[in-house]
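Novice: Quick one: structure below, then a few questions.
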Amino acid sequence: MTAVRDWEQLSACQGEDPDLWFKDRSRGRAIAICNGCLVREECLTAVLAREDGMAKGHRLGIAAGLTGAQRWELARRNTGTSEVRTE
């Protein structure tokens with residue numbers, strides 16, 4: 001089991017069905033929950049660190065209010081590279 005970081009105790013997604021962030025039909029609701037979250041920035045920092053070097057197609061679901069493709073683009077812009085590892 002993964003230890004909970006202090007900021008996660010304040011997340012708006014606590015108690016929500018985890019599948020909400022991975023289904024197309026609930027994408028809008030997931031994004032809305034994330035966008036209203038007090039710890040969205042902390043979540044974004046954590047997910048970008050966890051996905052560091054991950055291929056665009058492997059970044060699944062909504063996290064910090066962003067799709068996997070949006071997070072990949074943000075990471076690409078932040079590192080100044082034109083490509084992230086594709087394996």
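Each chain in the structure tokens gets a letter, A, B and so on, in the order shown; residues start at 1 in every chain, and ligands are counted from 1 in the order they appear.
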Assign secondary structure with DSSP using the backbone only, and return the residues of chain A in helix (DSSP H, G or I) as an NGL selection string.

Specialist: :A and (6-10 or 18-21 or 24-35 or 40-50 or 56-58 or 68-79)

Novice: Compile the contact shell of Gln14 (chain A) as number ranges by chain: residues with an atom at most 12 Å away, counting only C-alpha atoms, same-chain residues fewer than 4 positions apart removed.

Specialist: A: 4, 7-10, 18, 20, 30, 33-34, 37, 39

Novice: Could you pull the residues within 12 Å of region 46-61 of chain A, counting only C-alpha atoms, minus those fewer than 5 positions along the same chain, as a PyMOL selection string?

Specialist: chain A and resi 4-5+7-8+18-28+30-31+39-41+66-76+78-79+81+83-87

Novice: Selected residues, N, CA and C atoms, written as a CSV table (one decimal), in the first residue's frame, please.

Specialist:
chain,number,residue,atom,x,y,z
A,4,VAL,N,0.0,7.8,2.0
A,4,VAL,CA,-0.8,9.0,1.6
A,4,VAL,C,0.1,10.2,2.0
A,5,ARG,N,0.2,11.1,1.0
A,5,ARG,CA,0.9,12.4,1.2
A,5,ARG,C,-0.1,13.3,1.9
A,7,TRP,N,-1.0,16.4,1.5
A,7,TRP,CA,-1.9,17.1,0.7
A,7,TRP,C,-3.1,16.3,0.1
A,8,GLU,N,-2.8,15.0,0.0
A,8,GLU,CA,-3.9,14.1,-0.5
A,8,GLU,C,-5.1,14.1,0.4
A,18,PRO,N,-12.7,5.6,-8.4
A,18,PRO,CA,-11.5,5.8,-9.2
A,18,PRO,C,-11.7,5.7,-10.7
A,19,ASP,N,-12.7,4.9,-11.1
A,19,ASP,CA,-13.0,4.7,-12.5
A,19,ASP,C,-13.5,6.0,-13.1
A,20,LEU,N,-14.0,6.9,-12.4
A,20,LEU,CA,-14.4,8.2,-12.9
A,20,LEU,C,-13.4,8.9,-13.7
A,21,TRP,N,-12.1,8.7,-13.4
A,21,TRP,CA,-11.0,9.4,-14.1
A,21,TRP,C,-10.5,8.7,-15.3
A,22,PHE,N,-11.1,7.5,-15.6
A,22,PHE,CA,-10.6,6.7,-16.7
A,22,PHE,C,-11.7,6.4,-17.7
A,23,LYS,N,-12.9,6.9,-17.6
A,23,LYS,CA,-14.0,6.6,-18.5
A,23,LYS,C,-14.3,7.9,-19.3
A,24,ASP,N,-14.5,7.7,-20.6
A,24,ASP,CA,-14.8,8.8,-21.5
A,24,ASP,C,-16.1,9.5,-21.1
A,25,ARG,N,-17.1,8.8,-20.7
A,25,ARG,CA,-18.4,9.3,-20.3
A,25,ARG,C,-18.4,10.2,-19.1
A,26,SER,N,-17.4,10.0,-18.2
A,26,SER,CA,-17.3,10.8,-17.0
A,26,SER,C,-16.1,11.8,-17.0
A,27,ARG,N,-15.5,12.0,-18.1
A,27,ARG,CA,-14.4,12.9,-18.2
A,27,ARG,C,-14.7,14.3,-17.8
A,28,GLY,N,-15.8,14.8,-18.2
A,28,GLY,CA,-16.2,16.2,-17.8
A,28,GLY,C,-16.4,16.3,-16.3
A,30,ALA,N,-14.9,14.4,-14.0
A,30,ALA,CA,-13.6,14.3,-13.4
A,30,ALA,C,-12.8,15.6,-13.5
A,31,ILE,N,-12.9,16.2,-14.7
A,31,ILE,CA,-12.2,17.5,-14.9
A,31,ILE,C,-12.7,18.6,-13.9
A,39,VAL,N,-5.9,21.3,-3.9
A,39,VAL,CA,-4.6,20.8,-4.0
A,39,VAL,C,-4.2,20.4,-5.4
A,40,ARG,N,-4.8,21.0,-6.4
A,40,ARG,CA,-4.6,20.6,-7.8
A,40,ARG,C,-3.1,20.8,-8.2
A,41,GLU,N,-2.5,21.8,-7.8
A,41,GLU,CA,-1.1,22.1,-8.1
A,41,GLU,C,-0.2,21.0,-7.5
A,66,LEU,N,-6.2,17.4,-16.2
A,66,LEU,CA,-5.7,17.3,-17.5
A,66,LEU,C,-5.7,15.8,-18.0
A,67,THR,N,-5.9,15.7,-19.3
A,67,THR,CA,-5.8,14.4,-20.0
A,67,THR,C,-4.3,14.0,-20.0
A,68,GLY,N,-4.1,12.7,-20.4
A,68,GLY,CA,-2.7,12.2,-20.5
A,68,GLY,C,-2.0,13.0,-21.6
A,69,ALA,N,-2.6,13.3,-22.7
A,69,ALA,CA,-2.0,14.0,-23.8
A,69,ALA,C,-1.6,15.5,-23.4
A,70,GLN,N,-2.5,16.1,-22.6
A,70,GLN,CA,-2.2,17.4,-22.1
A,70,GLN,C,-1.1,17.4,-21.1
A,71,ARG,N,-1.0,16.4,-20.3
A,71,ARG,CA,0.1,16.3,-19.3
A,71,ARG,C,1.4,16.0,-20.1
A,72,TRP,N,1.4,15.2,-21.1
A,72,TRP,CA,2.6,14.9,-21.9
A,72,TRP,C,3.1,16.2,-22.6
A,73,GLU,N,2.1,17.0,-23.1
A,73,GLU,CA,2.5,18.3,-23.8
A,73,GLU,C,3.1,19.3,-22.7
A,74,LEU,N,2.5,19.3,-21.6
A,74,LEU,CA,3.0,20.2,-20.5
A,74,LEU,C,4.4,19.8,-20.1
A,75,ALA,N,4.6,18.5,-19.9
A,75,ALA,CA,6.0,18.0,-19.6
A,75,ALA,C,7.0,18.3,-20.7
A,76,ARG,N,6.6,18.1,-21.9
A,76,ARG,CA,7.5,18.4,-23.1
A,76,ARG,C,7.9,19.8,-23.1
A,78,ASN,N,7.9,21.9,-20.5
A,78,ASN,CA,8.6,22.2,-19.3
A,78,ASN,C,10.1,21.7,-19.5
A,79,THR,N,10.3,20.7,-20.2
A,79,THR,CA,11.7,20.2,-20.3
A,79,THR,C,12.4,20.7,-21.6
A,81,THR,N,12.1,19.7,-24.6
A,81,THR,CA,12.5,18.7,-25.6
A,81,THR,C,11.3,18.5,-26.5
A,83,GLU,N,10.6,15.5,-27.8
A,83,GLU,CA,10.1,14.1,-27.7
A,83,GLU,C,10.4,13.6,-26.3
A,84,VAL,N,9.5,12.8,-25.9
A,84,VAL,CA,9.6,12.1,-24.6
A,84,VAL,C,9.8,10.6,-25.0
A,85,ARG,N,10.5,9.9,-24.2
A,85,ARG,CA,10.7,8.4,-24.4
A,85,ARG,C,9.4,7.7,-24.9
A,86,THR,N,9.5,6.9,-25.9
A,86,THR,CA,8.3,6.2,-26.4
A,86,THR,C,8.2,4.8,-26.0
A,87,GLU,N,9.0,4.3,-25.2
A,87,GLU,CA,9.0,2.8,-24.8
A,87,GLU,C,8.1,2.7,-23.6

Novice: Find the distance between CA of Cys13 (chain A) and CA of Arg77 (chain A) and write it in Å to one decimal.

Specialist: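 Result for CA of Cys13 (chain A) versus CA of Arg77 (chain A): 27.1 Å, one decimal.
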